[in-house]
Amino acid sequence: MLTKQQLPTPALLLDLDKFEANLARMAARIKESGKALRPHAKAHKCVEIARRQIAAGAIGVCVATVAEAELMAAAGIPGLLLTSPLADPLKMGRAAKTAAMVVVDHLQQVAWYNDAAAAAHRKLDVLVDLDVGDHRTGARSPEDAAEVAEAVDQATHLELRGLQAYSVLGSHAGGLDGRKRVSAETFRIASRALGIMLRRGLSTEIVTGGSTGTWEIDTAMADLTELQAGSYVLMDLAYRREGLDFGHALTVLATVVSANHVSADHAGFVTVDAGFKAFATDRGYGPEAVDLPGSTYRWGGDEFGYIDRPEGLPKLGDRLEFIPPHCDPTMNLYDRIYVGRGERVEAVWPLKRAGILEEL
């Protein structure tokens, strides 16, 4: 039997008990709300996790890149939605072959996707991506969104299905009140677009959006038909700081590789073999050690981190688990995840990392 103590570090771990509890909790909420769940697989890039999300009731999964769409399609994962607009006819051709539903926010994208769908001898389902305040992607106004929707509706190889109204700002808006405020504004803008589309006789069957940060807020919104939450199965420090209380199923295992800076009165620090290359660094703070209260983590370089603690520092060779600051880009640093319960490792699931070779 393989145990955590036998793993090479740094290693990415998934606690099955917490993972399954997170799955069940979201599934119950979705069923209660009468909405659908199409969780975002960019959080994990793992076919086995996607399969378990489908088994728990999800209607499909969202993906952020063409490579992710190809991975999931090849594994037979149904109900794919590529949530990122594209502006490369070659990538659009690859996306069309996966049969994923796609999003557009510009008339030129409609033309390119129509050509790609024709070349693939299929009809593609399409959503119009609406800018709901992030100013990252999306048609810049409800009127522009309706114009793009009309173009999709008239395209020979495209099928208009509705609207994407996702707010990245709502995920981490500074607490519950902030998330409620952003969500309310998101669906105020979306409602305007839907009204225009309905008056023009255009399809609004699907309204997709929301995130782990707004999961309980958006599932109460009348216009939303499906939720895109993804991080809930894993969790991270960023979401905990926002007040989310899903279980921390994802951790990184590291080893104390140097303990020469511990003084006689137990003050000082030890060094672990997990640094910039082991954790996402985009949040401005480091990971948190599990079951080591009073400790703090400091970056020590590409391969190292420092653990400070007033007393009771770990010893040379000790194994420590850390909750990452941000789960999605942390997962992206690894090619496998060790899955288990307690100290026992039950499986190793491969992860997909989108790289330049996959895009050629």
# chains A, B, ... in the order shown; residues from 1 in each chain; ligands from 1

$ residues_around --residues "region 303-306 of chain A" --least-positions-apart "2" --cutoff "9 Å" --atoms "only C-alpha atoms" --output "mmCIF file with N, CA, C and O atoms, in the first residue's frame"
data_model
loop_
_atom_site.group_PDB
_atom_site.id
_atom_site.type_symbol
_atom_site.label_atom_id
_atom_site.label_comp_id
_atom_site.auth_asym_id
_atom_site.auth_seq_id
_atom_site.Cartn_x
_atom_site.Cartn_y
_atom_site.Cartn_z
ATOM 1 N N VAL A 257 13.834 20.089 4.408
ATOM 2 C CA VAL A 257 15.122 19.676 3.855
ATOM 3 C C VAL A 257 16.305 20.354 4.546
ATOM 4 O O VAL A 257 17.459 19.983 4.306
ATOM 5 N N PHE A 269 13.724 29.052 12.016
ATOM 6 C CA PHE A 269 12.921 28.573 10.895
ATOM 7 C C PHE A 269 13.539 27.311 10.318
ATOM 8 O O PHE A 269 14.711 26.980 10.570
ATOM 9 N N VAL A 270 12.726 26.601 9.541
ATOM 10 C CA VAL A 270 13.194 25.451 8.774
ATOM 11 C C VAL A 270 12.873 25.700 7.315
ATOM 12 O O VAL A 270 12.051 26.556 6.972
ATOM 13 N N THR A 271 13.507 24.946 6.439
ATOM 14 C CA THR A 271 13.337 25.102 4.998
ATOM 15 C C THR A 271 12.669 23.868 4.412
ATOM 16 O O THR A 271 13.066 22.739 4.726
ATOM 17 N N VAL A 272 11.658 24.086 3.566
ATOM 18 C CA VAL A 272 10.982 22.983 2.889
ATOM 19 C C VAL A 272 11.273 23.045 1.394
ATOM 20 O O VAL A 272 11.696 24.083 0.865
ATOM 21 N N ASP A 273 11.051 21.931 0.710
ATOM 22 C CA ASP A 273 11.388 21.828 -0.712
ATOM 23 C C ASP A 273 10.221 22.223 -1.616
ATOM 24 O O ASP A 273 9.958 21.587 -2.637
ATOM 25 N N ALA A 274 9.509 23.297 -1.265
ATOM 26 C CA ALA A 274 8.378 23.761 -2.071
ATOM 27 C C ALA A 274 8.390 25.276 -2.094
ATOM 28 O O ALA A 274 8.151 25.921 -1.070
ATOM 29 N N GLY A 275 8.704 25.830 -3.266
ATOM 30 C CA GLY A 275 8.787 27.278 -3.417
ATOM 31 C C GLY A 275 7.915 27.794 -4.543
ATOM 32 O O GLY A 275 6.786 27.338 -4.721
ATOM 33 N N PHE A 276 8.463 28.719 -5.315
ATOM 34 C CA PHE A 276 7.689 29.341 -6.386
ATOM 35 C C PHE A 276 7.164 28.326 -7.400
ATOM 36 O O PHE A 276 6.110 28.532 -8.003
ATOM 37 N N LYS A 277 7.904 27.242 -7.612
ATOM 38 C CA LYS A 277 7.500 26.241 -8.602
ATOM 39 C C LYS A 277 6.496 25.225 -8.052
ATOM 40 O O LYS A 277 6.039 24.354 -8.785
ATOM 41 N N ALA A 278 6.150 25.354 -6.784
ATOM 42 C CA ALA A 278 5.216 24.406 -6.167
ATOM 43 C C ALA A 278 3.850 25.010 -5.888
ATOM 44 O O ALA A 278 2.873 24.271 -5.701
ATOM 45 N N THR A 296 4.127 30.428 9.921
ATOM 46 C CA THR A 296 3.964 31.242 8.716
ATOM 47 C C THR A 296 4.939 30.753 7.665
ATOM 48 O O THR A 296 6.021 30.236 7.977
ATOM 49 N N TYR A 297 4.549 30.910 6.416
ATOM 50 C CA TYR A 297 5.370 30.495 5.277
ATOM 51 C C TYR A 297 5.965 31.739 4.630
ATOM 52 O O TYR A 297 5.286 32.746 4.460
ATOM 53 N N ARG A 298 7.266 31.648 4.265
ATOM 54 C CA ARG A 298 7.927 32.689 3.487
ATOM 55 C C ARG A 298 8.534 32.065 2.239
ATOM 56 O O ARG A 298 9.065 30.952 2.287
ATOM 57 N N TRP A 299 8.432 32.795 1.108
ATOM 58 C CA TRP A 299 9.061 32.302 -0.120
ATOM 59 C C TRP A 299 10.575 32.264 0.053
ATOM 60 O O TRP A 299 11.180 33.201 0.551
ATOM 61 N N GLY A 300 11.183 31.158 -0.420
ATOM 62 C CA GLY A 300 12.621 31.009 -0.318
ATOM 63 C C GLY A 300 13.309 30.836 -1.649
ATOM 64 O O GLY A 300 14.514 30.572 -1.702
ATOM 65 N N GLY A 301 12.554 30.956 -2.736
ATOM 66 C CA GLY A 301 13.127 30.773 -4.063
ATOM 67 C C GLY A 301 12.311 29.792 -4.877
ATOM 68 O O GLY A 301 11.221 29.368 -4.495
ATOM 69 N N ASP A 308 8.375 29.651 9.590
ATOM 70 C CA ASP A 308 8.667 30.300 10.866
ATOM 71 C C ASP A 308 7.614 29.872 11.885
ATOM 72 O O ASP A 308 6.426 29.758 11.559
#

$ closest_atom_pairs --of "region 158-210 of chain A" --to "region 24-47 of chain A" --cutoff "12 Å" --atoms "only C-alpha atoms" --output "Markdown table"
| residue | atom | partner | partner_atom | distance |
| --- | --- | --- | --- | --- |
| A:Tyr166 | CA | A:His40 | CA | 11.7 |
| A:Ile206 | CA | A:Ala36 | CA | 10.0 |
| A:Val207 | CA | A:Ala36 | CA | 10.3 |
| A:Thr208 | CA | A:Arg38 | CA | 8.5 |
| A:Gly209 | CA | A:Arg38 | CA | 9.3 |
| A:Gly210 | CA | A:Pro39 | CA | 9.9 |

$ write_last_selection --atoms "C-alpha atoms" --output "PDB file, in the first residue's frame"
ATOM      1  CA  TYR A 166     -19.827  35.494 -16.054  1.00  0.00           C
ATOM      2  CA  ILE A 206     -29.145  29.070 -21.640  1.00  0.00           C
ATOM      3  CA  VAL A 207     -27.876  31.778 -19.300  1.00  0.00           C
ATOM      4  CA  THR A 208     -24.589  30.592 -17.849  1.00  0.00           C
ATOM      5  CA  GLY A 209     -22.285  32.219 -15.308  1.00  0.00           C
ATOM      6  CA  GLY A 210     -21.485  32.402 -11.637  1.00  0.00           C
TER       7      GLY A 210
END

$ residues_around --residues "region 123-134 of chain A" --least-positions-apart "3" --cutoff "6 Å" --atoms "only C-alpha atoms" --output "compact mmCIF listing (two decimals) with N, CA and C atoms, in the first residue's frame"
# COMPACT_ATOMS: atom_id res chain seq x y z
N MET A 101 -19.75 23.54 -27.13
CA MET A 101 -20.44 24.81 -27.28
C MET A 101 -19.40 25.92 -27.09
N VAL A 102 -19.52 26.99 -27.87
CA VAL A 102 -18.51 28.05 -27.84
C VAL A 102 -19.17 29.39 -27.57
N VAL A 103 -18.35 30.40 -27.30
CA VAL A 103 -18.86 31.75 -27.05
C VAL A 103 -18.23 32.73 -28.04
N VAL A 104 -18.99 33.77 -28.36
CA VAL A 104 -18.50 34.83 -29.24
C VAL A 104 -18.89 36.17 -28.65
N ASP A 105 -18.11 37.19 -28.95
CA ASP A 105 -18.47 38.55 -28.52
C ASP A 105 -18.29 39.58 -29.62
N ALA A 117 -17.21 25.52 -38.48
CA ALA A 117 -18.25 24.51 -38.33
C ALA A 117 -18.57 23.86 -39.67
N GLY A 138 -16.26 39.90 -23.79
CA GLY A 138 -17.70 40.07 -23.86
C GLY A 138 -18.13 41.28 -24.66
N ALA A 139 -19.30 41.16 -25.29
CA ALA A 139 -19.89 42.30 -25.99
C ALA A 139 -20.05 43.45 -24.99
N ARG A 140 -19.72 44.66 -25.41
CA ARG A 140 -19.57 45.75 -24.44
C ARG A 140 -20.89 46.31 -23.94
N HIS A 157 -24.25 27.48 -40.03
CA HIS A 157 -23.71 26.32 -39.30
C HIS A 157 -23.59 26.57 -37.80
N LEU A 158 -24.31 27.57 -37.32
CA LEU A 158 -24.29 27.89 -35.89
C LEU A 158 -25.71 27.86 -35.34
N GLU A 159 -25.82 27.48 -34.06
CA GLU A 159 -27.10 27.44 -33.38
C GLU A 159 -27.02 28.30 -32.13
N LEU A 160 -27.76 29.39 -32.10
CA LEU A 160 -27.77 30.28 -30.94
C LEU A 160 -28.48 29.60 -29.78
N ARG A 161 -27.80 29.55 -28.63
CA ARG A 161 -28.40 28.90 -27.46
C ARG A 161 -28.68 29.87 -26.31
N GLY A 162 -28.05 31.05 -26.32
CA GLY A 162 -28.30 31.97 -25.22
C GLY A 162 -27.12 32.87 -24.92
N LEU A 163 -26.86 33.07 -23.62
CA LEU A 163 -25.97 34.12 -23.16
C LEU A 163 -25.01 33.60 -22.09
N GLN A 164 -23.76 34.07 -22.15
CA GLN A 164 -22.82 33.87 -21.05
C GLN A 164 -22.66 35.19 -20.30
N ALA A 165 -22.95 35.16 -18.99
CA ALA A 165 -22.87 36.36 -18.15
C ALA A 165 -22.04 36.03 -16.92
N THR A 186 -24.30 42.22 -12.16
CA THR A 186 -24.10 41.28 -13.26
C THR A 186 -25.43 40.92 -13.91

$ closest_residue --among "A:Gly243, A:Ser295, A:Leu313, A:Asp282" --to "Ala259 (chain A)" --atoms "only C-alpha atoms"
A:Leu313

$ residues_around --residues "Asp245 (chain A)" --least-positions-apart "2" --cutoff "12 Å" --atoms "only C-alpha atoms" --output "list in words"
Lys18, Ala21, Asn22, Arg25, Met26, Thr212, Gly213, Trp215, Glu216, Ser231, Tyr232, Val233, Leu234, Met235, Asp236, Leu237, Ala238, Tyr239, Arg240, Arg241, Glu242, Gly243, Gly247, His248 and Ala249 of chain A

$ atom_distance --atom1 "CA of Arg188 (chain A)" --atom2 "CA of Thr65 (chain A)"
28.3 Å

$ residues_around --residues "Leu250 (chain A)" --least-positions-apart "3" --cutoff "12 Å" --atoms "only C-alpha atoms" --output "number ranges by chain"
A: 11-19, 22, 43-44, 231-237, 246-247, 253, 279, 287-288, 290, 321-328, 330-331, 337-340

$ select_by_dssp --residues "region 9-136 of chain A" --states "alpha helix (DSSP H)" --output "VMD selection string"
chain A and resid 16 to 33 47 to 55 66 to 74 89 to 98 107 to 119

$ residues_around --residues "Leu2 (chain A)" --least-positions-apart "6" --cutoff "12 Å" --atoms "only C-alpha atoms" --output "list in words"
Pro8, Tyr338, Val339, Gly340, Arg341, Gly342, Glu343, Arg344, Val345, Glu346, Ala347 and Val348 of chain A

$ write_last_selection --atoms "N, CA and C atoms" --output "PDB file, in the first residue's frame"
ATOM      1  N   PRO A   8       7.432  11.274  -3.602  1.00  0.00           N
ATOM      2  CA  PRO A   8       8.462  12.292  -3.828  1.00  0.00           C
ATOM      3  C   PRO A   8       7.835  13.668  -3.692  1.00  0.00           C
ATOM      4  N   TYR A 338      -1.992  12.921  -6.411  1.00  0.00           N
ATOM      5  CA  TYR A 338      -2.077  11.697  -5.598  1.00  0.00           C
ATOM      6  C   TYR A 338      -3.352  11.776  -4.760  1.00  0.00           C
ATOM      7  N   VAL A 339      -4.197  10.778  -4.928  1.00  0.00           N
ATOM      8  CA  VAL A 339      -5.549  10.799  -4.383  1.00  0.00           C
ATOM      9  C   VAL A 339      -5.671   9.761  -3.280  1.00  0.00           C
ATOM     10  N   GLY A 340      -6.211  10.145  -2.131  1.00  0.00           N
ATOM     11  CA  GLY A 340      -6.311   9.154  -1.066  1.00  0.00           C
ATOM     12  C   GLY A 340      -7.166   9.594   0.100  1.00  0.00           C
ATOM     13  N   ARG A 341      -7.148   8.747   1.124  1.00  0.00           N
ATOM     14  CA  ARG A 341      -7.865   9.021   2.371  1.00  0.00           C
ATOM     15  C   ARG A 341      -6.877   8.827   3.517  1.00  0.00           C
ATOM     16  N   GLY A 342      -6.790   9.825   4.384  1.00  0.00           N
ATOM     17  CA  GLY A 342      -5.819   9.735   5.466  1.00  0.00           C
ATOM     18  C   GLY A 342      -4.416   9.639   4.905  1.00  0.00           C
ATOM     19  N   GLU A 343      -3.648   8.684   5.417  1.00  0.00           N
ATOM     20  CA  GLU A 343      -2.268   8.490   4.952  1.00  0.00           C
ATOM     21  C   GLU A 343      -2.182   7.609   3.717  1.00  0.00           C
ATOM     22  N   ARG A 344      -3.282   6.942   3.365  1.00  0.00           N
ATOM     23  CA  ARG A 344      -3.261   5.977   2.260  1.00  0.00           C
ATOM     24  C   ARG A 344      -3.478   6.668   0.917  1.00  0.00           C
ATOM     25  N   VAL A 345      -2.645   6.353  -0.068  1.00  0.00           N
ATOM     26  CA  VAL A 345      -2.805   6.843  -1.439  1.00  0.00           C
ATOM     27  C   VAL A 345      -3.517   5.761  -2.235  1.00  0.00           C
ATOM     28  N   GLU A 346      -4.707   6.103  -2.761  1.00  0.00           N
ATOM     29  CA  GLU A 346      -5.522   5.111  -3.456  1.00  0.00           C
ATOM     30  C   GLU A 346      -5.340   5.131  -4.968  1.00  0.00           C
ATOM     31  N   ALA A 347      -4.942   6.278  -5.527  1.00  0.00           N
ATOM     32  CA  ALA A 347      -4.824   6.386  -6.980  1.00  0.00           C
ATOM     33  C   ALA A 347      -3.940   7.568  -7.338  1.00  0.00           C
ATOM     34  N   VAL A 348      -3.484   7.567  -8.572  1.00  0.00           N
ATOM     35  CA  VAL A 348      -2.756   8.692  -9.132  1.00  0.00           C
ATOM     36  C   VAL A 348      -3.488   9.105 -10.402  1.00  0.00           C
TER      37      VAL A 348
END

$ residues_around --residues "Ala193 (chain A)" --least-positions-apart "6" --cutoff "9 Å" --atoms "only C-alpha atoms" --output "number ranges by chain"
A: 130, 141-146, 163

$ write_last_selection --atoms "N, CA, C and O atoms" --output "compact mmCIF listing (two decimals), in the first residue's frame"
# COMPACT_ATOMS: atom_id res chain seq x y z
N LEU A 130 -21.23 38.23 -22.81
CA LEU A 130 -21.60 39.61 -22.46
C LEU A 130 -20.66 40.16 -21.40
O LEU A 130 -20.41 39.50 -20.39
N SER A 141 -22.00 45.97 -24.58
CA SER A 141 -23.30 46.44 -24.12
C SER A 141 -24.36 45.40 -24.46
O SER A 141 -24.15 44.56 -25.35
N PRO A 142 -25.51 45.44 -23.78
CA PRO A 142 -26.60 44.53 -24.14
C PRO A 142 -27.04 44.69 -25.60
O PRO A 142 -27.38 43.70 -26.25
N GLU A 143 -27.00 45.91 -26.12
CA GLU A 143 -27.38 46.13 -27.52
C GLU A 143 -26.38 45.46 -28.46
O GLU A 143 -26.78 44.84 -29.46
N ASP A 144 -25.09 45.57 -28.15
CA ASP A 144 -24.07 44.90 -28.97
C ASP A 144 -24.23 43.38 -28.89
O ASP A 144 -24.06 42.68 -29.89
N ALA A 145 -24.54 42.88 -27.70
CA ALA A 145 -24.73 41.44 -27.54
C ALA A 145 -25.88 40.95 -28.41
O ALA A 145 -25.80 39.88 -29.04
N ALA A 146 -26.97 41.71 -28.46
CA ALA A 146 -28.11 41.32 -29.28
C ALA A 146 -27.76 41.33 -30.77
O ALA A 146 -28.21 40.46 -31.53
N LEU A 163 -26.86 33.07 -23.62
CA LEU A 163 -25.97 34.12 -23.16
C LEU A 163 -25.01 33.60 -22.09
O LEU A 163 -25.39 32.79 -21.24

$ decode --residues "region 124-140 of chain A" --atoms "N, CA, C and O atoms" --output "CSV table (one decimal), in the first residue's frame"
chain,number,residue,atom,x,y,z
A,124,LEU,N,-22.6,24.1,-34.7
A,124,LEU,CA,-22.0,24.4,-33.4
A,124,LEU,C,-23.0,25.2,-32.6
A,124,LEU,O,-23.6,26.1,-33.1
A,125,ASP,N,-23.2,24.8,-31.3
A,125,ASP,CA,-24.0,25.6,-30.4
A,125,ASP,C,-23.1,26.8,-29.9
A,125,ASP,O,-21.9,26.6,-29.6
A,126,VAL,N,-23.8,27.9,-29.8
A,126,VAL,CA,-23.0,29.2,-29.6
A,126,VAL,C,-23.8,30.0,-28.5
A,126,VAL,O,-25.0,30.1,-28.6
A,127,LEU,N,-23.0,30.6,-27.6
A,127,LEU,CA,-23.5,31.6,-26.7
A,127,LEU,C,-22.9,32.9,-27.0
A,127,LEU,O,-21.7,33.0,-27.4
A,128,VAL,N,-23.6,34.0,-26.7
A,128,VAL,CA,-23.0,35.3,-26.8
A,128,VAL,C,-22.4,35.7,-25.4
A,128,VAL,O,-23.1,35.6,-24.4
A,129,ASP,N,-21.1,36.0,-25.4
A,129,ASP,CA,-20.4,36.4,-24.2
A,129,ASP,C,-20.7,37.9,-24.0
A,129,ASP,O,-20.4,38.7,-24.8
A,130,LEU,N,-21.2,38.2,-22.8
A,130,LEU,CA,-21.6,39.6,-22.5
A,130,LEU,C,-20.7,40.2,-21.4
A,130,LEU,O,-20.4,39.5,-20.4
A,131,ASP,N,-20.1,41.4,-21.6
A,131,ASP,CA,-19.4,42.0,-20.6
A,131,ASP,C,-20.3,42.6,-19.5
A,131,ASP,O,-21.1,43.4,-19.8
A,132,VAL,N,-20.2,42.0,-18.3
A,132,VAL,CA,-21.1,42.4,-17.2
A,132,VAL,C,-20.4,43.2,-16.2
A,132,VAL,O,-20.9,43.4,-15.1
A,133,GLY,N,-19.2,43.8,-16.6
A,133,GLY,CA,-18.5,44.8,-15.7
A,133,GLY,C,-17.1,44.5,-15.5
A,133,GLY,O,-16.3,45.3,-15.0
A,134,ASP,N,-16.6,43.3,-16.0
A,134,ASP,CA,-15.2,42.9,-15.8
A,134,ASP,C,-14.3,43.7,-16.8
A,134,ASP,O,-13.1,43.9,-16.5
A,135,HIS,N,-14.9,43.9,-18.0
A,135,HIS,CA,-14.1,44.5,-19.1
A,135,HIS,C,-12.9,43.7,-19.5
A,135,HIS,O,-11.8,44.2,-19.8
A,136,ARG,N,-13.1,42.4,-19.5
A,136,ARG,CA,-12.1,41.4,-19.9
A,136,ARG,C,-12.4,40.8,-21.2
A,136,ARG,O,-11.6,40.9,-22.2
A,137,THR,N,-13.6,40.2,-21.4
A,137,THR,CA,-14.1,39.8,-22.7
A,137,THR,C,-15.6,40.1,-22.6
A,137,THR,O,-16.2,40.5,-21.6
A,138,GLY,N,-16.3,39.9,-23.8
A,138,GLY,CA,-17.7,40.1,-23.9
A,138,GLY,C,-18.1,41.3,-24.7
A,138,GLY,O,-17.4,42.3,-24.7
A,139,ALA,N,-19.3,41.2,-25.3
A,139,ALA,CA,-19.9,42.3,-26.0
A,139,ALA,C,-20.0,43.4,-25.0
A,139,ALA,O,-20.5,43.2,-23.9
A,140,ARG,N,-19.7,44.7,-25.4
A,140,ARG,CA,-19.6,45.7,-24.4
A,140,ARG,C,-20.9,46.3,-23.9
A,140,ARG,O,-20.9,47.1,-23.0
